[in-house]
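Have a look at the structure below, then the notes.
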2 protein chains.
Amino acid sequence: MMELRQLKELLTLAQSKTVSQAARQLFLSQPALSRSLQRLEQELEVDLFYHGKNKLELTDTGELALTYAQQILNLSELMVDALRQHQAAKFSVNLQTCAPAPLWELTALCSLLFPQLTQVSIIESDPKRLMEALHSKLADCVVLPAPQQHPDIICLPFLTEQLYFALHYTHPLAHESKLSFAQLDGAAFLLRPHIGFWQQVIDQHLPHCRFMRQQDDNSFDTILTDSRLLSFTSDIVLQRDGQRTDRVCIPIKDRAAHVTYYAHILRAKEKKLAPLIASLTAKAERLKLAQTAQRLQLLT
Amino acid sequence: MMELRQLKELLTLAQSKTVSQAARQLFLSQPALSRSLQRLEQELEVDLFYHGKNKLELTDTGELALTYAQQILNLSELMVDALRQHQAAKFSVNLQTCAPAPLWELTALCSLLFPQLTQVSIIESDPKRLMEALHSKLADCVVLPAPQQHPDIICLPFLTEQLYFALHYTHPLAHESKLSFAQLDGAAFLLRPHIGFWQQVIDQHLPHCRFMRQQDDNSFDTILTDSRLLSFTSDIVLQRDGQRTDRVCIPIKDRAAHVTYYAHILRAKEKKLAPLIASLTAKAERLKLAQTAQRLQLLT
DNA sequence: ATGCCTTACGTTATACGTAATTATT
DNA sequence: AATAATTACGTATAACGTAAGGCAT
């Protein structure tokens, strides 16, 4: 039977133009390769080569064989890649979010729930790409700032985030209890890297501002300390990192500054991610309760 | 390295559901197949099987592998088929004609010119199919009753044929020197098999006739002898087989009853078929001379 | 008890490398 | 002389089959 190995040999022969050279490339002795090619020819029952006394050349049938061999080997490489990737997906959980905060939440959750799985995670602001990643089963869980209803998808609101301005304490507006985007449109802001969809929010609501984005979080912190530049923070960040002494944090009252994050998981992955789904569902319940409580509070 | 053999084994395993059964199908011992599959798994670095104590089942990665294996094996079979066909084409000359007479001419020619090649020949009345066969390089030479001009094709008129009615000597029109289709429209004819495009000619010009087609030439002859049925013949047939004593052969004067056969050969095959082309070109020249002679004769 | 998969072990067969041969540049 | 392909021969590796073990139906 014809074997992949022989097709590979055929291919390297065609590239090398001489059996000796091809044999060296394949870490074989010249006679070994010669015989292997003879066997291939014999098995296919066609003349692949013109056997000259001192040279071996492909016939047109051989050239034809070459094109097929190329296709078959390409396909077989594709196969290994696909299988390895499929295998890797089983032993990792791939999180893709529109912003850093839900990613922190999810990575913490997943390292508790799936300590044996490796985590892969990225922040991607384009919602289309996120949903594509989900549907193509590349991502296990994607987080968007809005729900995406779909029969194949479980959609859970599990987290909210409130955006804040972080003003230097000397700033004229530092004593306000609430601010709107409009009040600071035109100012200069220092931005952290990887802020996801927030970039689009501020681009839209602060069209006259200049933004300086730092490459890493360390340089962000030092530059912020050494300057009076404005920046952003959020309730989640404040809870995690605490207050900076040199900045006053004031909530932004525009609706766009308050988001609810929705986790999306394919139903096909319900079994694999059962613990995560359970945990997120619980959080969704708590969110609902909090929101109804808030509404009641507003009514009284 | 992964080998085609192993992919074949994977496939038969999937069909057989058990290693033992698959091993029997592959004429292998059970342990041999078991280890071969283990090696495949090891080489791909992927879990293809669930190794139960007493059963071996495909994982979903295994199922995925299966689809690729199927594709690869299909492609490899396609490869052998294509190569064998390509090889066969080199050692045979494939003639396809619209009628039997040019086929006789060509087969005679080819067995003289290419005694080492095997001949493949068919009669096909559909001109489109004939040209497709030529362009797909399936046919070496196709013959049509009309020229098909094309830059890639050599077109040579090499033979003419005149259709005759063969009337029983008792037939009222048996003493005419010429006849037209119209004079016999409505009669009953006995037809030989494999008459190619002539079928379409008589269908068109004798719309009210009944035709009885015989399965083979022998039964045609005996039935013709035992009956007074009308039939067809031609100058070429008469020259080959001679006159029948019980029939009178009268030429049909309609233009459709006189055809010139055009041989068509791909320029790409010019080298392979050089002797045939030379021979046909000579015949084409003689035809031209004969036709101009005929015209001169008409003028005087 | 029968059937299935795996591991172990001795054997065979296939494919290898070295060496020799012949021919070409 | 140097390089290239084929053939011949002894060898080594890799795959086989038989046999044995464990487990499930």
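In the structure tokens, chains take the letters A, B, ... in the order shown, each chain's residues start at 1, and ligands count up from 1 in the order shown.
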Using only C-alpha atoms (C1' of nucleotides), which protein or nucleic acid residues come within 12 Å of DT7 of chain C? Drop anything in the same chain fewer than 2 positions from it, and give the result as a ChimeraX atom specification.
/B:31-32,34-35 /C:5,9 /D:19-22
Give me the residues of chain C that have any atom at most 8 Å from an atom of segment 6-15 of chain D; for each, the nearest atom pair and the distance in Å, rounded to one decimal. Use only C-alpha atoms (C1' of nucleotides), sort by chain and number, and format it as a tab-separated table.
residue	atom	partner	partner_atom	distance
C:DC16	C1'	D:DA12	C1'	7.5
C:DA20	C1'	D:DA8	C1'	7.9
C:DT21	C1'	D:DT7	C1'	7.6
Counting only C-alpha atoms (C1' of nucleotides), collect the residues of chain A whose closest atom lies at most 12 Å from chain D, and write them out as a PyMOL selection string.
chain A and resi 17-21+30-35+38+50-57
As a short mmCIF file (atom, residue, chain, number, x, y, z; two decimals) with C-alpha atoms, in the first residue's frame, please: chain A after a least-squares superposition onto chain B using all C-alpha atoms matched in order.
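Saved file superposed12.cif follows:
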data_model
loop_
_atom_site.label_atom_id
_atom_site.label_comp_id
_atom_site.auth_asym_id
_atom_site.auth_seq_id
_atom_site.Cartn_x
_atom_site.Cartn_y
_atom_site.Cartn_z
CA MET A 1 4.96 9.83 11.12
CA MET A 2 1.29 9.16 10.67
CA GLU A 3 0.65 6.74 7.82
CA LEU A 4 -2.26 5.97 5.52
CA ARG A 5 -2.28 2.45 6.86
CA GLN A 6 -3.07 3.75 10.34
CA LEU A 7 -5.86 5.92 9.04
CA LYS A 8 -7.33 2.89 7.32
CA GLU A 9 -7.08 1.03 10.61
CA LEU A 10 -8.82 3.87 12.42
CA LEU A 11 -11.62 3.71 9.90
CA THR A 12 -12.17 -0.02 10.12
CA LEU A 13 -12.07 0.21 13.89
CA ALA A 14 -14.85 2.78 13.80
CA GLN A 15 -16.90 0.49 11.59
CA SER A 16 -16.20 -2.62 13.62
CA LYS A 17 -16.67 -1.10 17.07
CA THR A 18 -14.15 -3.53 18.55
CA VAL A 19 -10.42 -3.97 18.03
CA SER A 20 -10.62 -7.75 17.75
CA GLN A 21 -13.17 -7.59 14.97
CA ALA A 22 -11.30 -4.85 13.14
CA ALA A 23 -8.10 -6.88 13.45
CA ARG A 24 -9.79 -9.84 11.80
CA GLN A 25 -10.98 -7.61 8.97
CA LEU A 26 -7.48 -6.27 8.49
CA PHE A 27 -5.89 -9.73 8.68
CA LEU A 28 -3.93 -8.69 11.74
CA SER A 29 -3.64 -10.07 15.21
CA GLN A 30 -5.50 -8.17 17.89
CA PRO A 31 -2.36 -6.99 19.72
CA ALA A 32 -0.77 -5.77 16.49
CA LEU A 33 -3.73 -3.52 15.73
CA SER A 34 -3.94 -2.38 19.33
CA ARG A 35 -0.33 -1.25 19.30
CA SER A 36 -0.62 0.36 15.89
CA LEU A 37 -3.50 2.49 17.15
CA GLN A 38 -1.55 3.33 20.29
CA ARG A 39 1.32 4.53 18.14
CA LEU A 40 -1.02 6.71 16.11
CA GLU A 41 -2.38 8.26 19.27
CA GLN A 42 1.12 8.81 20.58
CA GLU A 43 2.30 10.39 17.38
CA LEU A 44 -0.63 12.78 17.07
CA GLU A 45 -0.25 13.67 20.74
CA VAL A 46 -4.00 13.63 21.23
CA ASP A 47 -6.47 11.35 22.99
CA LEU A 48 -8.21 9.50 20.19
CA PHE A 49 -9.61 6.72 22.38
CA TYR A 50 -11.01 6.16 25.75
CA HIS A 51 -8.93 3.20 26.94
CA GLY A 52 -11.31 1.26 29.14
CA LYS A 53 -10.09 -1.91 30.79
CA ASN A 54 -12.15 -3.98 28.45
CA LYS A 55 -13.19 -1.59 25.73
CA LEU A 56 -11.76 0.97 23.39
CA GLU A 57 -13.99 3.85 22.32
CA LEU A 58 -13.46 6.90 20.18
CA THR A 59 -13.36 10.24 21.99
CA ASP A 60 -14.81 13.26 20.21
CA THR A 61 -11.28 14.07 19.09
CA GLY A 62 -11.23 10.56 17.67
CA GLU A 63 -14.47 11.20 15.85
CA LEU A 64 -12.98 14.34 14.40
CA ALA A 65 -9.91 12.38 13.34
CA LEU A 66 -12.24 9.94 11.64
CA THR A 67 -13.71 12.58 9.35
CA TYR A 68 -10.25 13.68 8.30
CA ALA A 69 -9.07 10.12 7.82
CA GLN A 70 -12.05 9.48 5.58
CA GLN A 71 -11.23 12.51 3.45
CA ILE A 72 -7.57 11.64 3.16
CA LEU A 73 -8.24 8.04 2.18
CA ASN A 74 -10.85 9.10 -0.36
CA LEU A 75 -8.36 11.49 -1.87
CA SER A 76 -5.67 8.86 -2.00
CA GLU A 77 -8.00 6.46 -3.78
CA LEU A 78 -8.89 9.22 -6.19
CA MET A 79 -5.20 9.67 -6.80
CA VAL A 80 -4.58 6.03 -7.73
CA ASP A 81 -7.60 5.99 -10.01
CA ALA A 82 -6.55 9.18 -11.75
CA LEU A 83 -2.98 8.00 -12.21
CA ARG A 84 -3.99 4.60 -13.56
CA GLN A 85 -6.40 6.23 -15.97
CA HIS A 86 -3.76 8.71 -17.07
CA GLN A 87 -1.36 5.85 -17.60
CA ALA A 88 -3.90 3.83 -19.56
CA ALA A 89 -4.57 6.80 -21.82
CA LYS A 90 -0.92 6.79 -22.80
CA PHE A 91 -1.06 3.22 -24.01
CA SER A 92 -4.29 3.40 -25.92
CA VAL A 93 -5.86 5.48 -28.63
CA ASN A 94 -9.44 6.45 -27.97
CA LEU A 95 -11.57 7.04 -31.04
CA GLN A 96 -15.07 8.47 -30.83
CA THR A 97 -17.14 8.92 -33.96
CA CYS A 98 -20.59 10.07 -34.98
CA ALA A 99 -21.05 7.11 -37.31
CA PRO A 100 -19.67 3.62 -38.02
CA ALA A 101 -18.00 4.29 -41.38
CA PRO A 102 -15.35 6.76 -40.14
CA LEU A 103 -14.70 4.42 -37.23
CA TRP A 104 -13.86 1.57 -39.63
CA GLU A 105 -11.52 3.87 -41.45
CA LEU A 106 -9.83 5.09 -38.29
CA THR A 107 -9.49 1.73 -36.57
CA ALA A 108 -7.88 0.33 -39.70
CA LEU A 109 -5.52 3.29 -39.82
CA CYS A 110 -4.64 3.14 -36.14
CA SER A 111 -3.94 -0.57 -36.09
CA LEU A 112 -1.46 0.08 -38.89
CA LEU A 113 0.07 3.20 -37.37
CA PHE A 114 0.00 2.24 -33.67
CA PRO A 115 0.22 -1.55 -33.54
CA GLN A 116 1.53 -1.36 -29.95
CA LEU A 117 -1.41 0.65 -28.62
CA THR A 118 -4.74 -0.83 -27.62
CA GLN A 119 -7.75 0.77 -29.25
CA VAL A 120 -10.81 2.07 -27.48
CA SER A 121 -13.67 3.25 -29.65
CA ILE A 122 -17.30 4.19 -29.40
CA ILE A 123 -20.04 5.62 -31.59
CA GLU A 124 -21.82 8.57 -30.03
CA SER A 125 -24.35 10.62 -31.92
CA ASP A 126 -24.38 13.68 -29.68
CA PRO A 127 -21.82 16.17 -31.03
CA LYS A 128 -21.61 18.02 -27.71
CA ARG A 129 -20.56 14.90 -25.88
CA LEU A 130 -18.00 14.15 -28.52
CA MET A 131 -16.42 17.57 -28.22
CA GLU A 132 -16.46 17.37 -24.45
CA ALA A 133 -14.70 14.02 -24.60
CA LEU A 134 -12.08 15.63 -26.80
CA HIS A 135 -11.51 18.64 -24.59
CA SER A 136 -11.37 16.58 -21.44
CA LYS A 137 -8.66 14.53 -23.15
CA LEU A 138 -10.77 11.43 -22.74
CA ALA A 139 -10.89 10.98 -26.50
CA ASP A 140 -7.86 11.27 -28.74
CA CYS A 141 -9.79 11.80 -31.94
CA VAL A 142 -13.45 12.52 -32.50
CA VAL A 143 -15.25 12.53 -35.84
CA LEU A 144 -18.19 14.79 -36.62
CA PRO A 145 -20.20 15.33 -39.80
CA ALA A 146 -19.31 19.04 -39.64
CA PRO A 147 -16.12 20.96 -38.86
CA GLN A 148 -15.64 22.45 -35.39
CA GLN A 149 -13.16 25.28 -35.60
CA HIS A 150 -11.20 25.94 -32.42
CA PRO A 151 -7.68 27.26 -31.82
CA ASP A 152 -6.71 24.16 -29.82
CA ILE A 153 -8.05 21.70 -32.34
CA ILE A 154 -6.81 20.30 -35.62
CA CYS A 155 -9.78 19.72 -37.90
CA LEU A 156 -9.38 17.49 -40.95
CA PRO A 157 -12.03 16.40 -43.49
CA PHE A 158 -10.88 12.90 -44.41
CA LEU A 159 -13.87 10.92 -45.65
CA THR A 160 -17.22 11.34 -47.39
CA GLU A 161 -20.21 9.05 -47.31
CA GLN A 162 -23.25 8.88 -49.57
CA LEU A 163 -26.39 7.34 -48.11
CA TYR A 164 -28.38 4.88 -50.24
CA PHE A 165 -31.78 3.31 -50.02
CA ALA A 166 -31.64 -0.47 -50.29
CA LEU A 167 -34.93 -1.53 -51.93
CA HIS A 168 -36.12 -5.04 -52.54
CA TYR A 169 -35.80 -5.69 -56.27
CA THR A 170 -39.59 -6.05 -56.47
CA HIS A 171 -40.13 -2.55 -55.12
CA PRO A 172 -41.94 -0.19 -57.54
CA LEU A 173 -39.14 2.38 -57.31
CA ALA A 174 -36.35 -0.17 -57.76
CA HIS A 175 -35.55 1.05 -61.25
CA GLU A 176 -34.96 4.71 -60.41
CA SER A 177 -31.43 5.99 -60.63
CA LYS A 178 -31.87 8.54 -57.83
CA LEU A 179 -34.36 8.99 -55.03
CA SER A 180 -35.20 11.58 -52.42
CA PHE A 181 -36.20 11.06 -48.80
CA ALA A 182 -39.66 12.43 -49.56
CA GLN A 183 -40.36 9.63 -52.05
CA LEU A 184 -40.14 6.96 -49.36
CA ASP A 185 -41.47 8.84 -46.34
CA GLY A 186 -44.01 6.56 -44.66
CA ALA A 187 -42.37 3.25 -45.47
CA ALA A 188 -41.05 0.72 -42.94
CA PHE A 189 -37.28 0.37 -42.58
CA LEU A 190 -35.03 -2.13 -40.95
CA LEU A 191 -32.07 -0.49 -39.22
CA ARG A 192 -28.69 -1.76 -38.13
CA PRO A 193 -27.64 -0.95 -34.58
CA HIS A 194 -25.09 1.78 -33.94
CA ILE A 195 -25.76 4.05 -36.87
CA GLY A 196 -24.84 7.17 -34.93
CA PHE A 197 -25.92 10.53 -36.26
CA TRP A 198 -27.67 8.92 -39.24
CA GLN A 199 -30.48 8.18 -36.84
CA GLN A 200 -31.09 11.89 -36.46
CA VAL A 201 -30.88 12.44 -40.22
CA ILE A 202 -33.55 9.87 -41.01
CA ASP A 203 -35.70 10.91 -38.05
CA GLN A 204 -35.71 14.40 -39.50
CA HIS A 205 -36.18 13.59 -43.16
CA LEU A 206 -38.44 10.57 -42.85
CA PRO A 207 -40.79 11.69 -40.11
CA HIS A 208 -43.59 9.29 -41.12
CA CYS A 209 -41.59 6.11 -41.33
CA ARG A 210 -41.48 3.20 -38.90
CA PHE A 211 -38.05 1.94 -37.99
CA MET A 212 -37.14 -1.45 -36.66
CA ARG A 213 -33.71 -1.52 -35.11
CA GLN A 214 -31.95 -4.86 -34.73
CA GLN A 215 -29.79 -5.70 -31.75
CA ASP A 216 -26.90 -7.14 -33.72
CA ASP A 217 -25.70 -7.26 -37.30
CA ASN A 218 -26.35 -10.98 -37.71
CA SER A 219 -30.04 -10.79 -36.94
CA PHE A 220 -30.21 -7.75 -39.20
CA ASP A 221 -28.89 -9.74 -42.14
CA THR A 222 -31.14 -12.75 -41.66
CA ILE A 223 -34.26 -10.66 -41.17
CA LEU A 224 -33.42 -8.60 -44.22
CA THR A 225 -32.96 -11.74 -46.29
CA ASP A 226 -36.30 -13.16 -45.14
CA SER A 227 -38.27 -9.98 -45.81
CA ARG A 228 -38.85 -7.29 -48.37
CA LEU A 229 -38.21 -4.52 -45.87
CA LEU A 230 -36.45 -1.37 -46.92
CA SER A 231 -33.09 -0.49 -45.42
CA PHE A 232 -30.16 1.81 -45.83
CA THR A 233 -26.66 1.40 -47.08
CA SER A 234 -23.94 3.71 -48.33
CA ASP A 235 -21.12 3.92 -50.83
CA ILE A 236 -18.67 2.92 -48.14
CA VAL A 237 -20.71 -0.09 -47.04
CA LEU A 238 -21.19 -1.18 -50.63
CA GLN A 239 -17.49 -0.94 -51.30
CA ARG A 240 -16.75 -2.97 -48.19
CA ASP A 241 -19.45 -5.64 -48.38
CA GLY A 242 -20.43 -5.61 -52.07
CA GLN A 243 -23.95 -5.66 -53.47
CA ARG A 244 -26.69 -7.86 -52.06
CA THR A 245 -28.45 -9.80 -54.84
CA ASP A 246 -31.91 -9.29 -53.36
CA ARG A 247 -31.64 -5.52 -53.00
CA VAL A 248 -31.26 -2.60 -55.35
CA CYS A 249 -29.21 0.30 -53.96
CA ILE A 250 -30.20 3.77 -55.04
CA PRO A 251 -28.45 6.96 -53.95
CA ILE A 252 -30.42 9.57 -52.04
CA LYS A 253 -30.09 12.94 -53.67
CA ASP A 254 -30.90 15.16 -50.65
CA ARG A 255 -27.94 17.11 -49.36
CA ALA A 256 -28.33 15.56 -45.91
CA ALA A 257 -27.62 12.14 -47.41
CA HIS A 258 -24.10 13.15 -48.37
CA VAL A 259 -21.73 13.94 -45.56
CA THR A 260 -18.10 14.82 -45.14
CA TYR A 261 -16.50 13.50 -41.95
CA TYR A 262 -14.17 15.77 -40.03
CA ALA A 263 -11.60 14.33 -37.69
CA HIS A 264 -10.82 16.53 -34.66
CA ILE A 265 -7.62 16.19 -32.68
CA LEU A 266 -6.33 18.33 -29.81
CA ARG A 267 -3.11 20.15 -30.64
CA ALA A 268 -1.82 18.98 -27.25
CA LYS A 269 -1.81 15.45 -28.68
CA GLU A 270 -0.03 16.43 -31.87
CA LYS A 271 3.12 14.61 -30.83
CA LYS A 272 1.48 11.39 -29.74
CA LEU A 273 -0.74 11.17 -32.83
CA ALA A 274 1.69 12.57 -35.38
CA PRO A 275 1.44 9.57 -37.76
CA LEU A 276 -2.34 9.62 -37.65
CA ILE A 277 -2.44 13.35 -38.33
CA ALA A 278 -0.08 12.95 -41.27
CA SER A 279 -2.17 10.19 -42.73
CA LEU A 280 -5.43 12.11 -42.26
CA THR A 281 -3.92 15.23 -43.78
CA ALA A 282 -3.00 13.24 -46.87
CA LYS A 283 -6.55 11.96 -47.09
CA ALA A 284 -7.85 15.50 -46.68
CA GLU A 285 -5.71 16.58 -49.62
CA ARG A 286 -7.01 13.76 -51.78
CA LEU A 287 -10.55 14.72 -50.81
CA LYS A 288 -9.99 18.31 -51.89
CA LEU A 289 -8.56 17.17 -55.21
CA ALA A 290 -11.51 14.86 -55.78
CA GLN A 291 -13.94 17.64 -54.97
CA THR A 292 -12.31 20.16 -57.31
CA ALA A 293 -12.22 17.48 -60.02
CA GLN A 294 -15.92 16.91 -59.47
CA ARG A 295 -16.58 20.62 -59.79
CA LEU A 296 -14.60 20.78 -63.03
CA GLN A 297 -16.54 17.82 -64.33
CA LEU A 298 -19.78 19.64 -63.57
CA LEU A 299 -18.57 22.69 -65.44
CA THR A 300 -17.68 20.80 -68.62
#
DSSP on the backbone: which residues in segment 11-150 of chain A end up as helix (DSSP H, G or I)? Give the answer as a ChimeraX atom specification.
/A:11-16,19-25,30-44,60-90,100-113,127-135
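If you measure from each of C:DT18, C:DT12, C:DT24, C:DT6 to chain B using only C-alpha atoms (C1' of nucleotides), the closest one turns out to be C:DT6.
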